[in-house]
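*Asks:* So here's run15.pdb, just PDB, C-alpha atoms, pLDDT in the B column:
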ATOM      1  CA  MET U 239     -42.129   7.684 -40.890  1.00 55.00           C
ATOM      2  CA  THR U 240     -40.798   4.387 -39.519  1.00 61.00           C
ATOM      3  CA  THR U 241     -40.144   3.255 -43.091  1.00 58.00           C
ATOM      4  CA  LEU U 242     -37.997   6.332 -43.619  1.00 54.00           C
ATOM      5  CA  LEU U 243     -35.992   5.521 -40.426  1.00 51.00           C
ATOM      6  CA  LYS U 244     -35.479   1.915 -41.593  1.00 59.00           C
ATOM      7  CA  ILE U 245     -34.192   3.112 -44.984  1.00 58.00           C
ATOM      8  CA  ALA U 246     -31.831   5.601 -43.288  1.00 51.00           C
ATOM      9  CA  ALA U 247     -30.542   2.908 -40.909  1.00 53.00           C
ATOM     10  CA  ALA U 248     -30.013   0.459 -43.783  1.00 56.00           C
ATOM     11  CA  THR U 249     -28.118   3.121 -45.739  1.00 53.00           C
ATOM     12  CA  LEU U 250     -25.859   3.901 -42.768  1.00 51.00           C
ATOM     13  CA  LEU U 251     -25.129   0.226 -42.180  1.00 49.00           C
ATOM     14  CA  SER U 252     -24.228  -0.358 -45.821  1.00 54.00           C
ATOM     15  CA  LEU U 253     -21.912   2.679 -45.852  1.00 50.00           C
ATOM     16  CA  SER U 254     -20.098   1.567 -42.682  1.00 49.00           C
ATOM     17  CA  GLY U 255     -19.606  -1.919 -44.187  1.00 48.00           C
ATOM     18  CA  THR U 256     -18.028  -0.371 -47.281  1.00 45.00           C
ATOM     19  CA  ALA U 257     -15.706   1.741 -45.146  1.00 44.00           C
ATOM     20  CA  ALA U 258     -14.603  -1.311 -43.160  1.00 44.00           C
ATOM     21  CA  HIS U 259     -13.984  -3.270 -46.372  1.00 44.00           C
ATOM     22  CA  ALA U 260     -11.903  -0.440 -47.809  1.00 45.00           C
ATOM     23  CA  TYR U 261      -9.855  -0.295 -44.607  1.00 44.00           C
ATOM     24  CA  GLY U 262      -9.260  -4.059 -44.663  1.00 43.00           C
ATOM     25  CA  SER U 263      -8.099  -4.060 -48.273  1.00 41.00           C
ATOM     26  CA  SER U 264      -5.507  -1.347 -47.638  1.00 41.00           C
ATOM     27  CA  GLN U 265      -3.803  -3.499 -45.005  1.00 45.00           C
ATOM     28  CA  SER U 266      -3.351  -6.411 -47.394  1.00 45.00           C
ATOM     29  CA  SER U 267      -1.354  -4.173 -49.745  1.00 52.00           C
ATOM     30  CA  GLN U 268       1.449  -4.119 -47.139  1.00 67.00           C
ATOM     31  CA  HIS U 269       2.373  -7.767 -47.761  1.00 88.00           C
ATOM     32  CA  CYS U 270       5.944  -8.671 -46.813  1.00 94.00           C
ATOM     33  CA  ASP U 271       7.740 -10.879 -49.371  1.00 96.00           C
ATOM     34  CA  LYS U 272      10.900 -11.818 -47.436  1.00 97.00           C
ATOM     35  CA  PRO U 273      14.138 -12.888 -49.146  1.00 98.00           C
ATOM     36  CA  VAL U 274      14.795 -16.605 -49.565  1.00 97.00           C
ATOM     37  CA  PHE U 275      18.282 -18.093 -49.104  1.00 97.00           C
ATOM     38  CA  SER U 276      19.354 -21.362 -50.755  1.00 96.00           C
ATOM     39  CA  GLU U 277      22.233 -23.374 -52.219  1.00 96.00           C
ATOM     40  CA  PHE U 278      24.476 -22.963 -49.175  1.00 96.00           C
ATOM     41  CA  GLN U 279      28.120 -23.979 -49.721  1.00 96.00           C
ATOM     42  CA  PRO U 280      29.522 -25.729 -47.843  1.00 95.00           C
ATOM     43  CA  ALA U 281      26.272 -27.630 -47.375  1.00 91.00           C
ATOM     44  CA  THR U 282      24.404 -27.660 -44.071  1.00 84.00           C
ATOM     45  CA  ASN U 283      25.880 -30.063 -41.469  1.00 77.00           C
ATOM     46  CA  LYS U 284      28.686 -31.044 -43.845  1.00 79.00           C
ATOM     47  CA  TYR U 285      31.907 -32.427 -42.324  1.00 90.00           C
ATOM     48  CA  LEU U 286      34.987 -30.460 -43.445  1.00 94.00           C
ATOM     49  CA  GLN U 287      38.722 -30.638 -42.751  1.00 94.00           C
ATOM     50  CA  SER U 288      38.810 -26.835 -42.479  1.00 95.00           C
ATOM     51  CA  PHE U 289      36.489 -23.957 -43.288  1.00 95.00           C
ATOM     52  CA  SER U 290      37.515 -20.783 -45.078  1.00 96.00           C
ATOM     53  CA  GLU U 291      34.993 -19.901 -47.841  1.00 97.00           C
ATOM     54  CA  PHE U 292      31.222 -19.845 -48.174  1.00 97.00           C
ATOM     55  CA  SER U 293      28.607 -19.057 -50.788  1.00 98.00           C
ATOM     56  CA  LEU U 294      24.831 -18.998 -51.112  1.00 98.00           C
ATOM     57  CA  MET U 295      22.049 -17.757 -53.335  1.00 98.00           C
ATOM     58  CA  ALA U 296      19.466 -15.132 -52.366  1.00 98.00           C
ATOM     59  CA  SER U 297      16.139 -14.564 -54.100  1.00 98.00           C
ATOM     60  CA  ALA U 298      15.750 -11.802 -56.694  1.00 97.00           C
ATOM     61  CA  ASN U 299      13.761  -9.583 -54.304  1.00 97.00           C
ATOM     62  CA  THR U 300      16.762  -9.255 -51.946  1.00 97.00           C
ATOM     63  CA  THR U 301      18.246  -5.766 -51.569  1.00 97.00           C
ATOM     64  CA  PRO U 302      21.995  -6.358 -52.189  1.00 98.00           C
ATOM     65  CA  THR U 303      23.175  -3.607 -49.832  1.00 97.00           C
ATOM     66  CA  SER U 304      21.204  -5.114 -46.936  1.00 97.00           C
ATOM     67  CA  VAL U 305      23.044  -8.461 -46.896  1.00 98.00           C
ATOM     68  CA  VAL U 306      24.983  -9.234 -43.690  1.00 98.00           C
ATOM     69  CA  VAL U 307      26.737 -12.525 -42.914  1.00 98.00           C
ATOM     70  CA  ASN U 308      28.071 -13.526 -39.497  1.00 98.00           C
ATOM     71  CA  VAL U 309      30.397 -16.493 -38.989  1.00 97.00           C
ATOM     72  CA  SER U 310      31.080 -17.730 -35.483  1.00 96.00           C
ATOM     73  CA  ALA U 311      33.231 -20.623 -34.303  1.00 95.00           C
ATOM     74  CA  GLY U 312      33.724 -20.521 -30.543  1.00 93.00           C
ATOM     75  CA  GLU U 313      35.676 -17.378 -29.731  1.00 93.00           C
ATOM     76  CA  THR U 314      36.337 -16.652 -33.427  1.00 94.00           C
ATOM     77  CA  LYS U 315      33.747 -14.319 -34.940  1.00 96.00           C
ATOM     78  CA  TYR U 316      33.546 -12.636 -38.346  1.00 97.00           C
ATOM     79  CA  HIS U 317      31.044  -9.987 -39.461  1.00 98.00           C
ATOM     80  CA  PHE U 318      30.642  -9.299 -43.194  1.00 98.00           C
ATOM     81  CA  THR U 319      28.650  -6.380 -44.592  1.00 98.00           C
ATOM     82  CA  SER U 320      27.544  -6.263 -48.211  1.00 98.00           C
ATOM     83  CA  LYS U 321      30.687  -4.248 -49.054  1.00 98.00           C
ATOM     84  CA  GLN U 322      32.913  -7.044 -47.714  1.00 98.00           C
ATOM     85  CA  LEU U 323      31.095  -9.786 -49.639  1.00 98.00           C
ATOM     86  CA  GLN U 324      31.230 -10.601 -53.327  1.00 98.00           C
ATOM     87  CA  ILE U 325      27.606 -10.196 -54.494  1.00 98.00           C
ATOM     88  CA  THR U 326      26.833 -10.978 -58.128  1.00 98.00           C
ATOM     89  CA  GLN U 327      23.416 -10.666 -59.732  1.00 98.00           C
ATOM     90  CA  GLN U 328      22.609 -13.688 -61.905  1.00 98.00           C
ATOM     91  CA  PRO U 329      20.625 -13.493 -65.191  1.00 98.00           C
ATOM     92  CA  SER U 330      17.621 -14.854 -63.250  1.00 97.00           C
ATOM     93  CA  GLY U 331      17.824 -11.841 -60.912  1.00 97.00           C
ATOM     94  CA  ARG U 332      18.950 -13.969 -57.956  1.00 98.00           C
ATOM     95  CA  LEU U 333      22.061 -12.936 -56.057  1.00 98.00           C
ATOM     96  CA  GLU U 334      25.134 -15.104 -55.621  1.00 98.00           C
ATOM     97  CA  ILE U 335      26.838 -14.190 -52.335  1.00 98.00           C
ATOM     98  CA  LYS U 336      30.429 -15.257 -51.584  1.00 98.00           C
ATOM     99  CA  GLY U 337      32.764 -14.618 -48.697  1.00 98.00           C
ATOM    100  CA  LYS U 338      36.044 -15.753 -47.188  1.00 97.00           C
ATOM    101  CA  VAL U 339      37.300 -15.712 -43.605  1.00 97.00           C
ATOM    102  CA  ASP U 340      40.791 -14.324 -42.863  1.00 95.00           C
ATOM    103  CA  ARG U 341      42.179 -17.584 -41.473  1.00 94.00           C
ATOM    104  CA  PRO U 342      40.783 -21.106 -41.965  1.00 95.00           C
ATOM    105  CA  ILE U 343      38.781 -22.475 -39.048  1.00 95.00           C
ATOM    106  CA  GLU U 344      40.355 -25.811 -38.080  1.00 92.00           C
ATOM    107  CA  GLY U 345      38.040 -27.747 -35.793  1.00 88.00           C
ATOM    108  CA  GLY U 346      34.735 -27.793 -33.957  1.00 92.00           C
ATOM    109  CA  PHE U 347      31.655 -26.138 -35.380  1.00 93.00           C
ATOM    110  CA  ALA U 348      31.068 -22.968 -37.360  1.00 94.00           C
ATOM    111  CA  ARG U 349      27.716 -21.215 -37.583  1.00 95.00           C
ATOM    112  CA  LEU U 350      26.815 -18.993 -40.527  1.00 96.00           C
ATOM    113  CA  SER U 351      23.989 -16.496 -40.075  1.00 98.00           C
ATOM    114  CA  ILE U 352      22.611 -14.520 -43.037  1.00 98.00           C
ATOM    115  CA  THR U 353      20.336 -11.494 -42.756  1.00 98.00           C
ATOM    116  CA  ALA U 354      18.865  -9.375 -45.558  1.00 98.00           C
ATOM    117  CA  HIS U 355      15.684  -7.545 -46.471  1.00 97.00           C
ATOM    118  CA  SER U 356      13.611  -7.108 -49.595  1.00 96.00           C
ATOM    119  CA  LYS U 357      12.248  -3.739 -48.475  1.00 90.00           C
ATOM    120  CA  PRO U 358      12.609  -1.863 -45.170  1.00 89.00           C
ATOM    121  CA  GLY U 359      10.874  -3.770 -42.387  1.00 89.00           C
ATOM    122  CA  CYS U 360      10.703  -6.975 -44.435  1.00 97.00           C
ATOM    123  CA  GLU U 361      13.748  -8.836 -43.135  1.00 97.00           C
ATOM    124  CA  LYS U 362      14.765 -12.482 -43.008  1.00 97.00           C
ATOM    125  CA  THR U 363      17.513 -14.192 -41.013  1.00 97.00           C
ATOM    126  CA  ASP U 364      18.616 -17.740 -41.735  1.00 97.00           C
ATOM    127  CA  GLY U 365      21.611 -19.792 -40.774  1.00 94.00           C
ATOM    128  CA  TYR U 366      23.255 -23.166 -40.694  1.00 93.00           C
ATOM    129  CA  LEU U 367      25.913 -25.200 -38.933  1.00 94.00           C
ATOM    130  CA  ILE U 368      29.146 -26.616 -40.375  1.00 93.00           C
ATOM    131  CA  ARG U 369      31.109 -29.403 -38.655  1.00 94.00           C
ATOM    132  CA  ILE U 370      34.885 -29.212 -38.857  1.00 93.00           C
ATOM    133  CA  HIS U 371      37.148 -32.178 -37.926  1.00 88.00           C
TER
END
Have the structure of the file written as structure tokens, please.

*Replies:*
Amino acid sequence: MTTLLKIAAATLLSLSGTAAHAYGSSQSSQHCDKPVFSEFQPATNKYLQSFSEFSLMASANTTPTSVVVNVSAGETKYHFTSKQLQITQQPSGRLEIKGKVDRPIEGGFARLSITAHSKPGCEKTDGYLIRIH
């Protein structure tokens, strides 16, 4: 009889281990592959006479309609949604993102902040600083 209890206990333990493994594997399927931003123009920390246009590249997994760019220079602030930006898909699948401020910024620092997602809940924000003489 004790042998039968040991077999039953071993069976229960092996089944609970399988259930835990199945639960663990389902979580890994929710991996978040965030967008990657690169090739910023003007370049990071570059000295400029004035600032009026910017461009960058976003990875192919970026959802174009989710792209938002904010430009701030002291009291001057610009907010660009995807509809206000020029977004062009390249043959590689990457996105070229371009924008232009209404009036050139003529001195101090400007900060560009870019936010986008690849899928809902999988968001990335990046940014850089531009120095203006």

*Asks:* Please provide the set of residues having any atom within 8 Å of Ala298 (chain U), restricted to only C-alpha atoms, with same-chain residues fewer than 6 positions apart removed, written as a PDB file with C-alpha atoms, in the coordinates of the input.

*Replies:*
ATOM      1  CA  PRO U 273      14.138 -12.888 -49.146  1.00 98.00           C
ATOM      2  CA  SER U 330      17.621 -14.854 -63.250  1.00 97.00           C
ATOM      3  CA  GLY U 331      17.824 -11.841 -60.912  1.00 97.00           C
ATOM      4  CA  ARG U 332      18.950 -13.969 -57.956  1.00 98.00           C
ATOM      5  CA  LEU U 333      22.061 -12.936 -56.057  1.00 98.00           C
TER       6      LEU U 333
END

*Asks:* Given only C-alpha atoms as the basis, pick out the residue of U:Gln324, U:Thr319, U:Thr303, U:Ser356 nearest to Glu291 (chain U).

*Replies:* U:Gln324

*Asks:* Need to verify the contact set: Gln279 (chain U), 8 Å, only C-alpha atoms, exclusion of same-chain residues closer than 4 positions in sequence. Can you return it as a PyMOL selection string?

*Replies:* chain U and resi 292-294

*Asks:* Can you list, as a VMD selection string, the residues that the PyMOL selection byres ((chain U and resi 339) around 12) selects here?

*Replies:* chain U and resid 288 to 293 307 to 311 314 to 318 322 to 323 336 to 338 340 to 344 348 350

*Asks:* Please evaluate the PyMOL selection byres ((chain U and resi 272) around 12) against the displayed coordinates and give the resulting residues as a list in words.

*Replies:*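 Residues picked by the PyMOL selection byres ((chain U and resi 272) around 12): His269, Cys270, Asp271, Pro273, Val274, Phe275, Ala296, Ser297, Ala298, Asn299, Thr300, Thr301, Thr353, Ala354, His355, Ser356, Lys357, Pro358, Gly359, Cys360, Glu361, Lys362, Thr363 and Asp364 of chain U.
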
*Asks:* Once you have the residues from the selection above, write them out as an mmCIF file, keeping the file's coordinate frame, restricted to C-alpha atoms.

*Replies:*
data_model
loop_
_atom_site.group_PDB
_atom_site.id
_atom_site.type_symbol
_atom_site.label_atom_id
_atom_site.label_comp_id
_atom_site.auth_asym_id
_atom_site.auth_seq_id
_atom_site.Cartn_x
_atom_site.Cartn_y
_atom_site.Cartn_z
ATOM 1 C CA HIS U 269 2.373 -7.767 -47.761
ATOM 2 C CA CYS U 270 5.944 -8.671 -46.813
ATOM 3 C CA ASP U 271 7.740 -10.879 -49.371
ATOM 4 C CA PRO U 273 14.138 -12.888 -49.146
ATOM 5 C CA VAL U 274 14.795 -16.605 -49.565
ATOM 6 C CA PHE U 275 18.282 -18.093 -49.104
ATOM 7 C CA ALA U 296 19.466 -15.132 -52.366
ATOM 8 C CA SER U 297 16.139 -14.564 -54.100
ATOM 9 C CA ALA U 298 15.750 -11.802 -56.694
ATOM 10 C CA ASN U 299 13.761 -9.583 -54.304
ATOM 11 C CA THR U 300 16.762 -9.255 -51.946
ATOM 12 C CA THR U 301 18.246 -5.766 -51.569
ATOM 13 C CA THR U 353 20.336 -11.494 -42.756
ATOM 14 C CA ALA U 354 18.865 -9.375 -45.558
ATOM 15 C CA HIS U 355 15.684 -7.545 -46.471
ATOM 16 C CA SER U 356 13.611 -7.108 -49.595
ATOM 17 C CA LYS U 357 12.248 -3.739 -48.475
ATOM 18 C CA PRO U 358 12.609 -1.863 -45.170
ATOM 19 C CA GLY U 359 10.874 -3.770 -42.387
ATOM 20 C CA CYS U 360 10.703 -6.975 -44.435
ATOM 21 C CA GLU U 361 13.748 -8.836 -43.135
ATOM 22 C CA LYS U 362 14.765 -12.482 -43.008
ATOM 23 C CA THR U 363 17.513 -14.192 -41.013
ATOM 24 C CA ASP U 364 18.616 -17.740 -41.735
#

*Asks:* Calculate how many Å separate CA of Ile335 (chain U) from CA of Leu367 (chain U), rounding to one decimal.

*Replies:*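 For CA of Ile335 (chain U) relative to CA of Leu367 (chain U), the distance reads 17.4 Å.
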
*Asks:* What is the distance between CA of Gly346 (chain U) and CA of Thr282 (chain U), in Å to one decimal?

*Replies:* 14.5 Å

*Asks:* So the first atom is CA of Arg369 (chain U) and the second is CA of Met295 (chain U); what is the distance between them in Å, to one decimal place?

*Replies:*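 Taking CA of Arg369 (chain U) and CA of Met295 (chain U), their separation equals 20.8 Å.
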
*Asks:* I'd like to see the residues matched by the PyMOL selection byres ((chain U and resi 284) around 9) on this file, and ideally I'd get them as number ranges by chain.

*Replies:* U: 280-283, 285-286, 367-370
